[in-house]
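Since the structure comes first, as structure tokens, the remarks are kept for the end.
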Amino acid sequence: MTQQYILTIKCPEKMGIVRAVSNCLYELGCSVFEAGEYADLDKQIFFARWAFGPAGEEQLPSIDEFKRIFAPIAEAFAMTWQVADSQQKPKLLIAVSQHGHCLNDLLYRWKEEDFPGDIVGVVSNHETFRSQVEWYGLPFFYLPITPETKADQESKMLSIMDDLDVDLLVLARYMQILSDSLCEQVHGRAINIHHSFLPSFKGAKPYHQAYARGVKISGATAHYVTADLDEGPIIEQDVQRVEQHDTPDRLARIGKNIERVVLSRAVFWHCQHRIIIDGNRTIIFK
């Protein structure tokens with residue numbers, strides 16, 4: 001694979017940003033493989049993502065050296081920015097309860113496709129998927145939970161994330177509400193899949209809620225986790241038409257297919273550093 005870094009920035013809109021970044025990459029002897037830029041003129045905020053690598057046989061500077069070189073430009077334009085080596089795949093921990101369709105999909109993609117992340121383990125409050133996870137050669141962490149043990153269980157989950165150096169927690173139908181404290185500690189690095197079309201039908205039995213309202217479309221939403229239940233920045237959504245004869249159970253079956261695709265897209269984009277969080281929304285460079 002060609003050596004490649006990915007630079008993402010967010011800063012006040014101002015003349016000369018692209019020129020300054022382009023000049024820096026040119027002086028380092030880099031070619032730009034992919035570029036995405038967006039200016040929110042209402043808020044006067046500029047967002048961008050560049051994927052770049054050496055133009056010839058030279059190597060890129062180390063990440064630390066690039067940060068040193070780029071820091072004066074970032075300071076001059078008041079940037080919030082990150083740079084990542086595309087060859088260093090983010091490490092993922094998947095959390096699941098007793099619905100395995102999203103877990104199965106992610107494990108399959110990780111094993112059989114060019115997956116941009118590295119799944120390092122699965123945590124669950126049930127034993128249901130232990131044998132399946134271990135068949136993939138991954139560690140399975142059984143963390144049962146009750147209202148009385150919630151704080152201790154979440155502490156153990158955080159310890160697992162620290163021990164495995166996890167970059168992203170993926171809630172693949174993990175049917176527990178995370179505490180405010182845990183949400184704060186995984187801010188910007190935890191993705192949830194919600195089995196309805198947010199912001200409608202939050203909480204329990206969303207397909208039954210949708211059926212009762214006579215919806216004409218149903219879908220799924222992947223979003224970053226925040227302390228506000230099911231209200232974090234939305235990453236991806238998809239929908240499917242609903243017919244009058246579709247029962248809640250049929251809506252749920254249809255929804256599972258959408259959930260798998262929507263969650264995998266969100267995880268892919270996060271691992272490829274395509275998402276910039278801007279308050280309660282996301283800017284995505286696909």
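Following the order of the structure tokens, chains are lettered A, B, ..., residues in each are numbered from 1, and ligands are numbered from 1.
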
Those in segment 89-274 of chain A with helix (DSSP H, G or I) from DSSP, as a PyMOL selection string: chain A and resi 101-112+130-135+150-163+180-185+206-213+248-271

With a distance cut-off of 12 Å and only C-alpha atoms, select the neighbouring residues of Leu28 of chain A, excluding the residue or stretch itself and same-chain residues fewer than 5 positions from it, and output the selection as a PyMOL selection string. chain A and resi 21-23+52-56+58-62+65-66+69-70

Record the distance separating atom CA of Gln87 of chain A and atom CA of Ile275 of chain A, expressed in Å with one decimal. 17.7 Å

Mind running segment 67-121 of chain A against segment 164-184 of chain A at 9 Å and telling me each contacting residue's nearest atom pair with the distance in Å (one decimal), counting only C-alpha atoms, chain and number ascending, as a Markdown table?
```
| residue | atom | partner | partner_atom | distance |
| --- | --- | --- | --- | --- |
| A:Pro90 | CA | A:Asp167 | CA | 5.6 |
| A:Lys91 | CA | A:Val166 | CA | 4.9 |
| A:Leu92 | CA | A:Leu168 | CA | 4.9 |
| A:Leu93 | CA | A:Leu169 | CA | 5.0 |
| A:Ile94 | CA | A:Val170 | CA | 4.7 |
| A:Ala95 | CA | A:Leu171 | CA | 4.9 |
| A:Val96 | CA | A:Tyr174 | CA | 4.2 |
| A:Ser97 | CA | A:Tyr174 | CA | 4.8 |
| A:Gln98 | CA | A:Arg173 | CA | 7.8 |
| A:His99 | CA | A:Arg173 | CA | 6.3 |
| A:Gly100 | CA | A:Arg173 | CA | 7.6 |
| A:His101 | CA | A:Ala172 | CA | 8.4 |
| A:Cys102 | CA | A:Ala172 | CA | 5.5 |
| A:Leu103 | CA | A:Ala172 | CA | 5.9 |
| A:Leu106 | CA | A:Ala172 | CA | 8.9 |
| A:Val120 | CA | A:Leu164 | CA | 7.1 |
| A:Gly121 | CA | A:Leu164 | CA | 8.3 |
```

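Proximity to Asn104 of chain A was assessed for A:Thr128, A:Thr8, A:Ala35, A:Arg260 counting only C-alpha atoms; the smallest distance is recorded for A:Arg260.
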
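Considering only segment 176-257 of chain A, backbone DSSP assigns strand (DSSP E or B) to Ala190, Ile191, Asn192, Ile193, His194, Ile217, Ser218, Gly219, Ala220, Thr221, Ala222, His223, Tyr224, Ile234, Ile235, Glu236, Gln237, Asp238, Val239, Gln240 and Arg241 of chain A.
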
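Comparing A:Arg213, A:Val262, A:Leu229, A:Ala190 by their smallest distance to Val242 of chain A, the closest is A:Arg213 (using only C-alpha atoms).
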
Near Ala266 of chain A, within 9 Å and counting only C-alpha atoms, which residues show up once chain neighbours fewer than 6 positions away are dropped, as a ChimeraX atom specification? /A:191,222-223,235-236

Would you write out those residues with C-alpha atoms, as an mmCIF file, in the first residue's frame?
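What ended up in part.cif:
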```
data_model
loop_
_atom_site.group_PDB
_atom_site.id
_atom_site.type_symbol
_atom_site.label_atom_id
_atom_site.label_comp_id
_atom_site.auth_asym_id
_atom_site.auth_seq_id
_atom_site.Cartn_x
_atom_site.Cartn_y
_atom_site.Cartn_z
ATOM 1 C CA ILE A 191 -21.044 4.790 17.429
ATOM 2 C CA ALA A 222 -26.112 5.440 12.998
ATOM 3 C CA HIS A 223 -24.947 8.216 15.289
ATOM 4 C CA ILE A 235 -23.583 9.832 10.662
ATOM 5 C CA GLU A 236 -25.756 7.828 8.287
#
```

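Picture a line from atom CA of Glu154 of chain A to atom CA of Phe140 of chain A; it runs 15.7 Å.
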
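Of the residues under consideration (A:Ala76, A:Ile9, A:Leu107, A:Val133), A:Ile9 shows the shortest atom-to-atom contact distance to Trp50 of chain A when counting only C-alpha atoms.
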